[in-house]
>>> print(open('work.txt').read())   # compact mmCIF, C-alpha atoms and all ligand atoms
# COMPACT_ATOMS: atom_id res chain seq x y z
CA MET A 1 44.19 -100.41 -27.13
CA GLN A 2 46.38 -97.53 -28.29
CA LEU A 3 49.38 -99.81 -28.18
CA LEU A 4 47.59 -102.36 -30.30
CA LEU A 5 46.62 -99.69 -32.78
CA ALA A 6 50.22 -98.46 -32.95
CA LEU A 7 51.40 -102.02 -33.51
CA VAL A 8 48.89 -102.61 -36.29
CA LEU A 9 49.78 -99.29 -37.91
CA ALA A 10 53.48 -100.11 -37.69
CA LEU A 11 52.91 -103.51 -39.30
CA VAL A 12 50.69 -102.10 -42.02
CA GLY A 13 53.19 -99.30 -42.52
CA ALA A 14 56.08 -101.70 -42.83
CA ALA A 15 54.14 -103.78 -45.34
CA ALA A 16 53.30 -100.64 -47.31
CA GLY A 17 56.93 -99.63 -47.37
CA TRP A 18 56.65 -96.54 -45.22
CA ALA A 19 58.26 -97.90 -42.10
CA GLN A 20 60.08 -95.16 -40.29
CA THR A 21 63.81 -95.48 -39.75
CA ALA A 22 65.28 -93.79 -36.69
CA PRO A 23 66.97 -90.42 -37.07
CA SER A 24 70.72 -90.51 -36.80
CA GLY A 25 73.01 -87.83 -35.38
CA ALA A 26 75.82 -89.13 -37.56
CA SER A 27 73.93 -88.60 -40.79
CA ALA A 28 72.80 -85.14 -39.63
CA PHE A 29 76.45 -84.35 -38.88
CA ASN A 30 77.35 -85.17 -42.50
CA HIS A 31 75.25 -82.17 -43.52
CA VAL A 32 77.07 -79.96 -41.00
CA GLN A 33 80.36 -81.10 -42.51
CA HIS A 34 79.19 -80.31 -46.00
CA LEU A 35 77.59 -76.94 -45.21
CA ALA A 36 80.17 -75.57 -42.76
CA GLY A 37 83.23 -77.66 -43.63
CA VAL A 38 83.07 -77.92 -47.44
CA ILE A 39 81.03 -74.83 -48.39
CA GLY A 40 82.03 -72.60 -45.45
CA PRO A 41 80.58 -69.11 -44.85
CA ARG A 42 77.13 -68.70 -46.39
CA VAL A 43 76.37 -64.99 -46.32
CA ALA A 44 72.99 -64.29 -47.94
CA GLY A 45 73.42 -63.12 -51.51
CA THR A 46 76.88 -64.71 -51.98
CA ALA A 47 78.13 -67.89 -53.70
CA GLY A 48 78.20 -69.88 -50.42
CA ASP A 49 74.51 -69.12 -49.89
CA ARG A 50 73.63 -70.41 -53.39
CA GLN A 51 75.78 -73.55 -53.04
CA ALA A 52 74.11 -74.40 -49.72
CA ALA A 53 70.62 -73.94 -51.22
CA GLU A 54 71.53 -76.23 -54.15
CA TYR A 55 72.98 -78.85 -51.80
CA MET A 56 69.86 -78.93 -49.64
CA ALA A 57 67.52 -79.00 -52.65
CA THR A 58 69.42 -81.99 -54.06
CA GLN A 59 69.19 -83.84 -50.75
CA PHE A 60 65.46 -83.19 -50.38
CA ARG A 61 64.83 -84.40 -53.94
CA GLN A 62 66.77 -87.57 -53.22
CA TYR A 63 64.52 -88.20 -50.22
CA GLY A 64 61.53 -87.85 -52.56
CA TYR A 65 60.22 -84.36 -51.75
CA ALA A 66 58.80 -81.80 -54.16
CA VAL A 67 61.30 -78.93 -53.95
CA GLU A 68 61.01 -75.28 -54.98
CA PHE A 69 62.95 -72.10 -54.31
CA HIS A 70 61.11 -69.20 -52.70
CA THR A 71 62.98 -66.12 -53.88
CA PHE A 72 62.96 -62.77 -52.12
CA GLN A 73 64.86 -59.50 -52.22
CA PHE A 74 66.79 -57.98 -49.37
CA PRO A 75 69.25 -55.13 -48.71
CA PHE A 76 72.73 -56.60 -49.16
CA PHE A 77 75.62 -54.84 -47.48
CA GLU A 78 79.32 -55.71 -47.45
CA VAL A 79 82.39 -53.77 -46.34
CA ARG A 80 85.33 -54.23 -48.69
CA GLN A 81 87.82 -51.63 -47.52
CA VAL A 82 88.05 -48.53 -45.34
CA GLN A 83 91.03 -46.15 -45.39
CA MET A 84 91.48 -42.90 -43.54
CA GLN A 85 94.46 -40.56 -43.53
CA VAL A 86 95.23 -37.12 -42.17
CA ALA A 87 96.27 -35.23 -45.30
CA GLY A 88 99.39 -33.11 -45.42
CA ALA A 89 103.11 -33.28 -46.04
CA GLN A 90 103.32 -36.48 -43.97
CA PRO A 91 99.97 -38.29 -44.30
CA ARG A 92 99.08 -40.19 -41.12
CA THR A 93 96.91 -43.30 -41.28
CA ILE A 94 94.08 -43.60 -38.77
CA GLN A 95 92.23 -46.83 -38.15
CA ALA A 96 88.58 -46.38 -39.08
CA GLU A 97 85.65 -48.80 -39.29
CA ALA A 98 82.62 -48.50 -41.54
CA LEU A 99 79.26 -48.10 -39.85
CA LEU A 100 76.87 -50.73 -41.25
CA LEU A 101 74.77 -49.40 -44.16
CA THR A 102 77.16 -46.49 -44.79
CA ALA A 103 77.30 -44.93 -48.25
CA ALA A 104 80.51 -45.45 -50.25
CA THR A 105 82.94 -42.67 -51.17
CA PRO A 106 83.97 -42.25 -54.83
CA ALA A 107 86.39 -45.06 -55.75
CA ALA A 108 89.39 -42.75 -55.42
CA GLY A 109 88.20 -41.57 -52.00
CA LEU A 110 87.44 -38.01 -50.97
CA GLU A 111 89.41 -35.31 -49.22
CA ALA A 112 87.94 -32.38 -47.27
CA GLU A 113 88.29 -30.13 -44.30
CA VAL A 114 87.18 -31.55 -40.95
CA VAL A 115 84.69 -29.62 -38.80
CA SER A 116 84.23 -30.74 -35.20
CA VAL A 117 80.58 -30.51 -34.04
CA GLY A 118 80.45 -31.88 -30.49
CA LEU A 119 77.76 -34.55 -30.27
CA GLY A 120 76.25 -33.67 -33.64
CA ARG A 121 72.92 -32.38 -32.30
CA PRO A 122 71.15 -29.69 -34.39
CA GLU A 123 72.26 -26.95 -31.96
CA ASP A 124 75.89 -28.14 -32.26
CA PHE A 125 75.86 -27.08 -35.90
CA GLU A 126 74.83 -23.50 -35.16
CA GLY A 127 77.42 -21.02 -36.45
CA ARG A 128 79.40 -23.78 -38.17
CA ARG A 129 79.67 -24.18 -41.89
CA VAL A 130 79.84 -27.85 -42.86
CA THR A 131 78.88 -27.71 -46.54
CA GLY A 132 81.42 -29.82 -48.44
CA ALA A 133 83.20 -30.74 -45.19
CA ILE A 134 83.75 -33.94 -43.21
CA VAL A 135 81.93 -33.68 -39.90
CA LEU A 136 83.57 -35.02 -36.74
CA ALA A 137 81.21 -35.90 -33.87
CA GLU A 138 81.49 -37.68 -30.54
CA ARG A 139 79.48 -40.85 -29.89
CA GLY A 140 76.57 -40.59 -27.43
CA VAL A 141 73.10 -39.09 -26.79
CA LEU A 142 71.99 -39.39 -30.45
CA THR A 143 72.09 -42.54 -32.58
CA PHE A 144 74.73 -42.89 -35.28
CA ARG A 145 71.94 -42.46 -37.78
CA GLU A 146 70.74 -39.15 -36.26
CA LYS A 147 74.26 -37.71 -36.27
CA MET A 148 74.75 -38.80 -39.87
CA ALA A 149 71.39 -37.30 -40.93
CA ASN A 150 72.10 -33.99 -39.15
CA ALA A 151 75.42 -33.75 -40.99
CA ALA A 152 74.06 -34.81 -44.38
CA SER A 153 71.11 -32.40 -44.30
CA ARG A 154 73.54 -29.52 -43.71
CA GLY A 155 75.66 -30.40 -46.71
CA ALA A 156 78.47 -32.44 -45.13
CA ILE A 157 80.01 -35.05 -47.46
CA ALA A 158 81.02 -37.58 -44.77
CA ILE A 159 80.95 -38.08 -41.00
CA ILE A 160 83.49 -39.50 -38.56
CA VAL A 161 82.10 -40.52 -35.16
CA TYR A 162 84.68 -41.05 -32.43
CA ASN A 163 84.04 -43.30 -29.46
CA ASN A 164 83.17 -41.88 -26.04
CA GLN A 165 85.04 -44.81 -24.43
CA PRO A 166 88.46 -46.30 -25.13
CA GLY A 167 88.77 -48.28 -28.34
CA ILE A 168 86.81 -48.37 -31.58
CA VAL A 169 83.14 -49.32 -31.63
CA PRO A 170 81.26 -51.10 -34.41
CA GLY A 171 77.78 -49.84 -35.10
CA THR A 172 74.92 -49.61 -37.55
CA LEU A 173 73.06 -46.79 -39.27
CA GLN A 174 69.91 -48.98 -39.32
CA GLN A 175 68.98 -47.84 -42.82
CA ARG A 176 70.99 -46.94 -45.85
CA ALA A 177 72.87 -43.71 -45.22
CA GLU A 178 73.12 -40.69 -47.54
CA ILE A 179 76.83 -40.06 -46.85
CA PRO A 180 79.87 -42.17 -45.88
CA ALA A 181 80.00 -42.73 -42.10
CA VAL A 182 82.89 -44.28 -40.14
CA THR A 183 83.93 -44.65 -36.50
CA VAL A 184 87.36 -44.14 -34.94
CA SER A 185 88.72 -44.66 -31.42
CA GLN A 186 88.34 -42.12 -28.61
CA ASP A 187 92.11 -41.38 -28.68
CA ASP A 188 92.21 -40.74 -32.40
CA GLY A 189 88.99 -38.74 -32.19
CA ARG A 190 90.34 -36.40 -29.49
CA GLN A 191 93.53 -35.81 -31.48
CA LEU A 192 91.46 -34.93 -34.52
CA VAL A 193 89.32 -32.51 -32.49
CA ASP A 194 92.48 -30.78 -31.21
CA ALA A 195 93.97 -30.56 -34.69
CA ALA A 196 90.72 -29.25 -36.18
CA GLN A 197 90.43 -26.55 -33.53
CA ALA A 198 94.11 -25.58 -33.85
CA GLY A 199 93.77 -24.78 -37.54
CA SER A 200 92.84 -26.38 -40.77
CA LEU A 201 92.62 -30.19 -40.70
CA ARG A 202 92.08 -32.12 -43.90
CA VAL A 203 91.32 -35.85 -44.00
CA ARG A 204 91.28 -38.35 -46.85
CA LEU A 205 88.63 -41.03 -46.61
CA MET A 206 87.98 -44.05 -48.77
CA VAL A 207 84.98 -46.28 -48.00
CA ASP A 208 84.44 -49.17 -50.38
CA VAL A 209 81.18 -50.98 -49.65
CA VAL A 210 78.61 -52.92 -51.58
CA ASN A 211 75.21 -51.53 -50.73
CA GLU A 212 72.56 -52.90 -53.06
CA THR A 213 69.36 -54.91 -53.31
CA ARG A 214 70.03 -58.58 -54.02
CA SER A 215 67.80 -61.56 -54.38
CA THR A 216 68.24 -64.99 -52.86
CA ALA A 217 65.99 -67.90 -51.91
CA ASN A 218 64.58 -70.10 -49.19
CA VAL A 219 64.38 -73.80 -50.03
CA VAL A 220 60.91 -75.36 -49.71
CA ALA A 221 60.48 -79.15 -49.55
CA THR A 222 56.86 -80.22 -49.33
CA LYS A 223 55.10 -83.43 -48.35
CA ARG A 224 51.37 -83.27 -48.87
CA GLY A 225 49.08 -84.24 -45.99
CA THR A 226 46.74 -87.19 -46.42
CA THR A 227 43.53 -85.96 -44.76
CA ARG A 228 44.23 -82.28 -44.01
CA PRO A 229 46.44 -81.18 -46.88
CA ASN A 230 45.40 -77.52 -46.52
CA GLU A 231 46.83 -77.30 -43.01
CA ILE A 232 50.59 -76.86 -42.98
CA ILE A 233 53.31 -77.43 -40.39
CA VAL A 234 56.46 -75.45 -41.29
CA ILE A 235 59.85 -76.73 -40.09
CA GLY A 236 62.40 -73.93 -40.48
CA GLY A 237 65.91 -72.88 -39.61
CA HIS A 238 68.39 -70.50 -41.25
CA PHE A 239 71.25 -71.75 -43.39
CA ASP A 240 72.95 -68.40 -43.97
CA SER A 241 75.88 -67.34 -41.79
CA VAL A 242 77.60 -64.10 -40.83
CA PRO A 243 80.71 -63.08 -42.84
CA ARG A 244 83.90 -65.08 -42.10
CA SER A 245 82.09 -67.65 -39.95
CA PRO A 246 81.48 -71.19 -41.29
CA GLY A 247 78.34 -71.20 -39.12
CA ALA A 248 78.53 -74.84 -38.01
CA ASN A 249 76.48 -74.47 -34.85
CA ASP A 250 74.85 -71.22 -36.10
CA ASN A 251 73.13 -72.71 -37.97
CA ALA A 252 74.24 -75.70 -40.04
CA SER A 253 73.28 -77.66 -36.88
CA GLY A 254 69.63 -76.61 -37.16
CA VAL A 255 69.21 -77.22 -40.89
CA ALA A 256 71.12 -80.53 -40.67
CA THR A 257 68.67 -81.68 -37.99
CA LEU A 258 65.73 -80.55 -40.09
CA MET A 259 67.09 -82.43 -43.14
CA GLU A 260 67.58 -85.60 -41.10
CA ALA A 261 63.97 -85.38 -39.93
CA ALA A 262 62.92 -84.91 -43.56
CA ARG A 263 64.84 -88.04 -44.58
CA VAL A 264 63.23 -90.12 -41.83
CA LEU A 265 59.71 -88.84 -42.52
CA ALA A 266 59.90 -88.97 -46.31
CA SER A 267 57.81 -92.12 -46.59
CA VAL A 268 55.69 -91.69 -43.46
CA PRO A 269 52.19 -90.36 -44.24
CA THR A 270 51.01 -87.40 -42.16
CA ALA A 271 47.50 -85.95 -41.92
CA ARG A 272 48.69 -82.38 -42.34
CA THR A 273 51.06 -81.06 -44.99
CA ILE A 274 54.68 -80.71 -43.87
CA GLN A 275 56.99 -78.07 -45.32
CA PHE A 276 60.71 -78.16 -44.57
CA VAL A 277 61.98 -74.62 -45.19
CA PRO A 278 65.66 -73.75 -44.72
CA PHE A 279 65.71 -69.93 -44.67
CA SER A 280 68.29 -67.51 -46.00
CA GLY A 281 68.82 -63.88 -44.91
CA GLU A 282 68.31 -64.48 -41.18
CA GLU A 283 71.59 -62.96 -40.04
CA LEU A 284 70.86 -59.70 -41.85
CA GLY A 285 67.42 -59.27 -40.26
CA LEU A 286 65.17 -62.37 -40.61
CA PHE A 287 64.57 -61.50 -44.28
CA GLY A 288 63.91 -65.03 -45.61
CA SER A 289 61.45 -66.05 -42.92
CA SER A 290 59.73 -62.64 -43.03
CA ALA A 291 59.18 -62.96 -46.78
CA PHE A 292 57.93 -66.53 -46.38
CA ALA A 293 55.57 -65.72 -43.49
CA THR A 294 54.24 -62.67 -45.31
CA GLU A 295 53.67 -64.35 -48.67
CA ARG A 296 52.98 -67.97 -47.76
CA ARG A 297 51.42 -68.15 -44.32
CA GLN A 298 48.08 -69.26 -45.76
CA GLY A 299 47.19 -72.55 -44.05
CA VAL A 300 50.23 -72.59 -41.74
CA VAL A 301 49.00 -73.82 -38.33
CA ALA A 302 52.35 -74.15 -36.56
CA MET A 303 56.04 -73.46 -37.10
CA ILE A 304 59.08 -75.18 -35.58
CA ASN A 305 62.39 -73.28 -35.72
CA LEU A 306 65.81 -74.80 -35.08
CA ASP A 307 68.74 -72.49 -34.41
CA MET A 308 71.98 -73.54 -32.67
CA VAL A 309 71.22 -77.07 -31.50
CA GLY A 310 74.71 -78.63 -31.68
CA TRP A 311 76.43 -77.26 -28.58
CA GLY A 312 75.44 -76.80 -24.93
CA GLU A 313 74.22 -78.46 -21.78
CA ARG A 314 70.61 -79.16 -22.55
CA LEU A 315 68.08 -78.85 -25.33
CA MET A 316 65.62 -76.01 -24.79
CA VAL A 317 62.21 -75.37 -26.31
CA GLY A 318 60.35 -72.09 -26.15
CA ASN A 319 58.76 -69.15 -27.90
CA SER A 320 58.60 -65.40 -27.41
CA PRO A 321 56.95 -63.96 -24.29
CA GLY A 322 53.26 -63.21 -24.70
CA ARG A 323 52.83 -65.39 -27.79
CA ASP A 324 50.67 -68.48 -28.32
CA SER A 325 52.57 -71.33 -26.64
CA SER A 326 50.28 -74.25 -27.51
CA ALA A 327 52.93 -75.79 -29.77
CA VAL A 328 55.57 -75.43 -27.02
CA ASP A 329 53.23 -77.29 -24.65
CA THR A 330 52.90 -80.07 -27.21
CA ALA A 331 56.72 -80.21 -27.56
CA LEU A 332 57.13 -80.57 -23.79
CA GLN A 333 54.66 -83.47 -23.79
CA THR A 334 56.40 -85.11 -26.72
CA ALA A 335 59.79 -84.78 -25.01
CA GLN A 336 58.42 -86.30 -21.82
CA ARG A 337 56.97 -89.27 -23.71
CA LEU A 338 60.36 -89.85 -25.36
CA GLY A 339 62.27 -89.46 -22.08
CA ILE A 340 64.22 -86.49 -23.48
CA GLU A 341 64.98 -83.87 -20.85
CA VAL A 342 64.37 -80.36 -22.11
CA ASN A 343 64.18 -76.94 -20.49
CA ARG A 344 61.56 -74.42 -21.37
CA PHE A 345 63.00 -70.99 -22.18
CA ARG A 346 62.05 -67.56 -23.46
CA ALA A 347 63.40 -67.47 -26.95
CA GLY A 348 65.77 -65.01 -28.64
CA ALA A 349 65.55 -63.38 -32.05
CA SER A 350 65.42 -65.97 -34.81
CA ASP A 351 63.10 -67.06 -37.61
CA HIS A 352 60.16 -68.13 -35.43
CA VAL A 353 59.61 -64.42 -34.68
CA SER A 354 58.54 -63.84 -38.30
CA PHE A 355 55.68 -66.33 -37.81
CA GLU A 356 54.72 -65.14 -34.33
CA ARG A 357 54.13 -61.71 -35.86
CA HIS A 358 51.24 -63.27 -37.78
CA GLY A 359 49.82 -65.07 -34.72
CA ILE A 360 51.11 -68.51 -35.71
CA PRO A 361 52.09 -70.81 -32.80
CA THR A 362 55.82 -71.60 -32.83
CA VAL A 363 58.36 -73.77 -31.03
CA PHE A 364 62.01 -72.77 -31.03
CA PHE A 365 64.65 -75.50 -30.49
CA HIS A 366 67.92 -74.08 -29.14
CA ARG A 367 70.79 -75.24 -26.92
CA GLY A 368 72.68 -72.12 -25.85
CA VAL A 369 75.29 -69.70 -27.15
CA ASP A 370 78.78 -71.18 -27.65
CA PRO A 371 82.10 -69.29 -27.46
CA ALA A 372 82.53 -69.60 -31.26
CA TYR A 373 79.21 -67.79 -31.96
CA HIS A 374 79.56 -65.64 -35.12
CA ARG A 375 83.32 -66.33 -35.26
CA PRO A 376 85.62 -68.10 -37.73
CA THR A 377 85.98 -70.84 -35.07
CA ASP A 378 82.36 -72.01 -35.51
CA VAL A 379 83.58 -75.08 -37.42
CA PRO A 380 82.05 -78.60 -37.54
CA ALA A 381 84.14 -79.73 -34.53
CA ASN A 382 82.09 -77.21 -32.51
CA VAL A 383 79.02 -79.38 -33.06
CA ASP A 384 78.33 -82.62 -31.19
CA PRO A 385 76.53 -85.29 -33.29
CA LYS A 386 74.87 -86.61 -30.09
CA HIS A 387 73.04 -83.31 -29.69
CA LEU A 388 71.85 -83.47 -33.30
CA ASP A 389 70.61 -86.99 -32.66
CA GLU A 390 68.58 -85.85 -29.66
CA ALA A 391 67.15 -82.81 -31.46
CA ALA A 392 66.24 -84.95 -34.50
CA ARG A 393 64.47 -87.59 -32.40
CA LEU A 394 62.38 -84.95 -30.67
CA LEU A 395 61.74 -83.15 -33.95
CA VAL A 396 60.54 -86.27 -35.79
CA ALA A 397 58.14 -87.17 -32.98
CA LEU A 398 56.92 -83.58 -32.60
CA ILE A 399 56.23 -83.20 -36.32
CA GLN A 400 54.11 -86.33 -36.12
CA ASP A 401 52.27 -85.11 -33.02
CA LEU A 402 51.57 -81.71 -34.57
CA SER A 403 50.56 -83.13 -37.91
CA GLN A 404 48.18 -85.81 -36.70
CA ALA A 405 45.29 -83.54 -35.74
CA ARG A 406 43.36 -84.78 -32.76
CA SER A 407 40.81 -81.98 -32.61
CA SER A 408 39.17 -80.13 -35.44
CA ALA A 409 40.91 -76.90 -36.28
CA THR A 410 38.97 -73.67 -36.08
CA PRO A 411 40.33 -71.17 -38.56
CA GLY A 412 41.83 -68.18 -36.77
CA ARG A 413 42.02 -69.99 -33.42
CA TYR A 414 45.34 -71.59 -32.79
CA SER A 415 45.27 -72.89 -29.25
CA GLN A 416 44.02 -76.42 -28.59
CA ARG A 417 44.71 -77.37 -32.16
CA PHE A 418 47.17 -80.12 -31.55
N1 LIG B 501 71.30 -67.73 -33.81
C1 LIG B 501 71.20 -66.32 -33.64
C2 LIG B 501 70.05 -65.91 -32.75
C3 LIG B 501 70.15 -66.38 -31.33
C4 LIG B 501 71.20 -66.01 -30.53
C5 LIG B 501 69.12 -67.15 -30.82
C6 LIG B 501 71.21 -66.42 -29.23
C7 LIG B 501 69.14 -67.55 -29.51
C8 LIG B 501 70.19 -67.18 -28.70
C9 LIG B 501 70.95 -65.63 -34.98
O1 LIG B 501 71.56 -66.23 -36.04
C10 LIG B 501 71.42 -64.19 -34.85
O2 LIG B 501 72.56 -63.93 -34.60
N2 LIG B 501 70.47 -63.28 -34.97
C11 LIG B 501 70.67 -61.88 -34.80
C12 LIG B 501 69.36 -61.15 -34.90
C13 LIG B 501 68.81 -60.96 -36.29
C14 LIG B 501 67.42 -60.41 -36.23
C15 LIG B 501 69.69 -60.05 -37.12
C16 LIG B 501 71.19 -61.56 -33.42
O3 LIG B 501 70.77 -62.21 -32.44
O4 LIG B 501 72.01 -60.64 -33.32
ZN ZN B 502 71.35 -68.31 -35.84
>>> encode(input="work.txt", output="structure tokens", more="lines below")
Ligand code: BES
Ligand code: ZN
Amino acid sequence: MQLLLALVLALVGAAAGWAQTAPSGASAFNHVQHLAGVIGPRVAGTAGDRQAAEYMATQFRQYGYAVEFHTFQFPFFEVRQVQMQVAGAQPRTIQAEALLLTAATPAAGLEAEVVSVGLGRPEDFEGRRVTGAIVLAERGVLTFREKMANAASRGAIAIIVYNNQPGIVPGTLQQRAEIPAVTVSQDDGRQLVDAAQAGSLRVRLMVDVVNETRSTANVVATKRGTTRPNEIIVIGGHFDSVPRSPGANDNASGVATLMEAARVLASVPTARTIQFVPFSGEELGLFGSSAFATERRQGVVAMINLDMVGWGERLMVGNSPGRDSSAVDTALQTAQRLGIEVNRFRAGASDHVSFERHGIPTVFFHRGVDPAYHRPTDVPANVDPKHLDEAARLLVALIQDLSQARSSATPGRYSQRF
């Protein structure tokens, strides 16, 4: 009976011109080549980010979707240059790295006396005058931010944190800092401590960073539902990348798969409204999806996130521990029906988290972390079109399963909805 119904629907659909074509890994891969190969790195708030958004909007419009940009603001941060020298007759250059969210120095840099303060705890400052000085502190016990704040509140004009292990360590100040803050290696740090204690040590520091609020946009392609237009299924995935990485697997693979599903479903009616939403600002802290979930979650009954689906042994579906997993259960059933083998997993930090925070059921598609993750080597060749094909087939079927409501939805209750 169901088979007959499906057959009739398929025939009627074909006659009406909304017959569904199959998703193709090869056409999804074309998007990976454009986004990661032609455009390249797509850091939120930069030209690559804008070009990618325009490209996707154009594609969605060609498929027949209504497209809009959902703009949002976020804290943009970029390191341009860091220079550090021991001042004196023979200046000595020391390799220093900016802590993320550091303040900049004046363009010409600054020069001041260095005061060593142990770990940089409040008691370490007792009896030491650091007003107008550069503070030197060892890593450990307190966060970088706490050390920076202790120095800044006592009048220091910059802080150098040296590693408590060999080598130089990258790190973040979590929020915008009041003063310039850099890290150096353990070796260099110990030499500076010795020099500071032996007599007067002056250091020149130049930190050139961009630290400002910028605005960028998510792309929203909408197909209105036939019988339940006020209930929305969101299909998301981030299109921004980290600096210097073309982000082929992370995450041109996910948005390419999402766009291929959009192409295939463009002329297939669905009961619920479908929104395809490539997000920006994920790599800097889920900013695009957070803004979307905060401002536009009205009516959203489920969210599917795709992040890194082009490399790895097996497709995985999951959500965060302790969250509503009704949509994951549906995905497992859909995969079984299609004969696609998937593993269930406990998902990492990506855009679905922004929706889970509002109690919305999510499914995260992911395939594992490749060796090129966040590196310049994450190029299109890192992505296998076969994997995109598999993810797109599951995605197309899952969107249909989630959007054709079988039971009546109770507002505020998400389980048993699909
Ligand atoms: N694609 C990753 C997230 C990821 C990594 C998911 C491994 C599943 C397994 C994403 O682009 C990323 O790198 N996110 C950041 C977190 C974000 C909140 C800044 C991360 O994981 O460091
Ligand atoms: Zn990612």
>>> residues_around(input="work.txt", residues="Asn163 (chain A)", least_positions_apart="2", cutoff="10 Å", atoms="all atoms listed in the file", output="ChimeraX atom specification")
/A:137-140,160-161,165-170,183-190
>>> atom_distance(input="work.txt", atom1="CA of Pro229 (chain A)", atom2="CA of Val268 (chain A)")
14.4 Å
>>> closest_atom_pairs(input="work.txt", of="chain A", to="ligand LIG 501 (chain B)", cutoff="7 Å", atoms="all atoms listed in the file", output="Markdown table")
| residue | atom | partner | partner_atom | distance |
| --- | --- | --- | --- | --- |
| A:Asp250 | CA | B:LIG501 | N1 | 5.5 |
| A:Asn251 | CA | B:LIG501 | N1 | 6.7 |
| A:Glu282 | CA | B:LIG501 | C13 | 6.0 |
| A:Glu283 | CA | B:LIG501 | C15 | 4.5 |
| A:Leu284 | CA | B:LIG501 | C15 | 4.9 |
| A:Gly285 | CA | B:LIG501 | C15 | 4.0 |
| A:Leu286 | CA | B:LIG501 | C14 | 5.3 |
| A:Asp307 | CA | B:LIG501 | N1 | 5.4 |
| A:Met308 | CA | B:LIG501 | N1 | 6.0 |
| A:Ala347 | CA | B:LIG501 | C7 | 6.3 |
| A:Gly348 | CA | B:LIG501 | C7 | 4.3 |
| A:Ala349 | CA | B:LIG501 | C2 | 5.2 |
| A:Ser350 | CA | B:LIG501 | C2 | 5.1 |
| A:His366 | CA | B:LIG501 | C7 | 6.7 |
| A:Gly368 | CA | B:LIG501 | C8 | 6.2 |
| A:Val369 | CA | B:LIG501 | C6 | 5.6 |
>>> residues_around(input="work.txt", residues="region 220-227 of chain A", least_positions_apart="6", cutoff="7 Å", atoms="all atoms listed in the file", output="PDB file with C-alpha atoms, keeping the file's coordinate frame")
ATOM      1  CA  PHE A  60      65.460 -83.190 -50.380  1.00  0.00           C
ATOM      2  CA  TYR A  65      60.220 -84.360 -51.750  1.00  0.00           C
ATOM      3  CA  ALA A  66      58.800 -81.800 -54.160  1.00  0.00           C
ATOM      4  CA  VAL A  67      61.300 -78.930 -53.950  1.00  0.00           C
ATOM      5  CA  GLU A  68      61.010 -75.280 -54.980  1.00  0.00           C
ATOM      6  CA  PHE A  69      62.950 -72.100 -54.310  1.00  0.00           C
ATOM      7  CA  HIS A  70      61.110 -69.200 -52.700  1.00  0.00           C
ATOM      8  CA  PRO A 269      52.190 -90.360 -44.240  1.00  0.00           C
ATOM      9  CA  THR A 270      51.010 -87.400 -42.160  1.00  0.00           C
ATOM     10  CA  ALA A 271      47.500 -85.950 -41.920  1.00  0.00           C
ATOM     11  CA  ARG A 272      48.690 -82.380 -42.340  1.00  0.00           C
ATOM     12  CA  THR A 273      51.060 -81.060 -44.990  1.00  0.00           C
ATOM     13  CA  ILE A 274      54.680 -80.710 -43.870  1.00  0.00           C
ATOM     14  CA  GLN A 275      56.990 -78.070 -45.320  1.00  0.00           C
ATOM     15  CA  PHE A 276      60.710 -78.160 -44.570  1.00  0.00           C
ATOM     16  CA  VAL A 277      61.980 -74.620 -45.190  1.00  0.00           C
TER      17      VAL A 277
END
>>> residues_around(input="work.txt", residues="region 257-260 of chain A", least_positions_apart="5", cutoff="9 Å", atoms="only C-alpha atoms", output="list in words")
Pro23, Ser24, Gly25, Ser27, Ala28, Phe29, His31, Met56, Gln59, Phe60, Ile235, Gly236, Gly237, Ala252, Leu265, Phe276, Val277, Pro278, Leu306, Val309, Leu388, Asp389, Ala391, Ala392, Leu395 and Val396 of chain A
>>> closest_residue(input="work.txt", among="A:Val342, A:Ile179, A:Val242, A:Val86", to="ligand ZN 502 (chain B)", atoms="only C-alpha atoms and all ligand atoms")
A:Val242
>>> closest_residue(input="work.txt", among="A:Val182, A:Val255, A:Val379, A:Val135", to="ligand ZN 502 (chain B)", atoms="only C-alpha atoms and all ligand atoms")
A:Val255
>>> atom_distance(input="work.txt", atom1="CA of Val43 (chain A)", atom2="CA of Thr216 (chain A)")
10.4 Å
>>> atom_distance(input="work.txt", atom1="CA of Ala158 (chain A)", atom2="CA of Leu205 (chain A)")
8.6 Å
>>> residues_near_point(input="work.txt", point="(95.8, -27.6, -44.5)", cutoff="8 Å", atoms="only C-alpha atoms", output="PyMOL selection string")
chain A and resi 87-88+113+199-202
>>> closest_residue(input="work.txt", among="A:Leu110, A:Ile360, A:Ala22, A:Leu338", to="Arg204 (chain A)", atoms="all atoms listed in the file")
A:Leu110
>>> closest_residue(input="work.txt", among="A:Arg393, A:Arg296, A:His238, A:Arg314", to="ligand ZN 502 (chain B)", atoms="all atoms listed in the file")
A:His238
>>> residues_around(input="work.txt", residues="Arg80 (chain A)", least_positions_apart="5", cutoff="10 Å", atoms="all atoms listed in the file", output="CSV table (one decimal) with C-alpha atoms, keeping the file's coordinate frame")
chain,number,residue,atom,x,y,z
A,98,ALA,CA,82.6,-48.5,-41.5
A,207,VAL,CA,85.0,-46.3,-48.0
A,208,ASP,CA,84.4,-49.2,-50.4
A,209,VAL,CA,81.2,-51.0,-49.6
A,210,VAL,CA,78.6,-52.9,-51.6
>>> closest_residue(input="work.txt", among="A:Gln62, A:Ser241, A:Glu178, A:Glu231", to="Gly48 (chain A)", atoms="all atoms listed in the file")
A:Ser241
>>> residues_around(input="work.txt", residues="region 118-132 of chain A", least_positions_apart="6", cutoff="8 Å", atoms="all atoms listed in the file", output="number ranges by chain")
A: 112, 138-142, 147, 150-151, 154-157
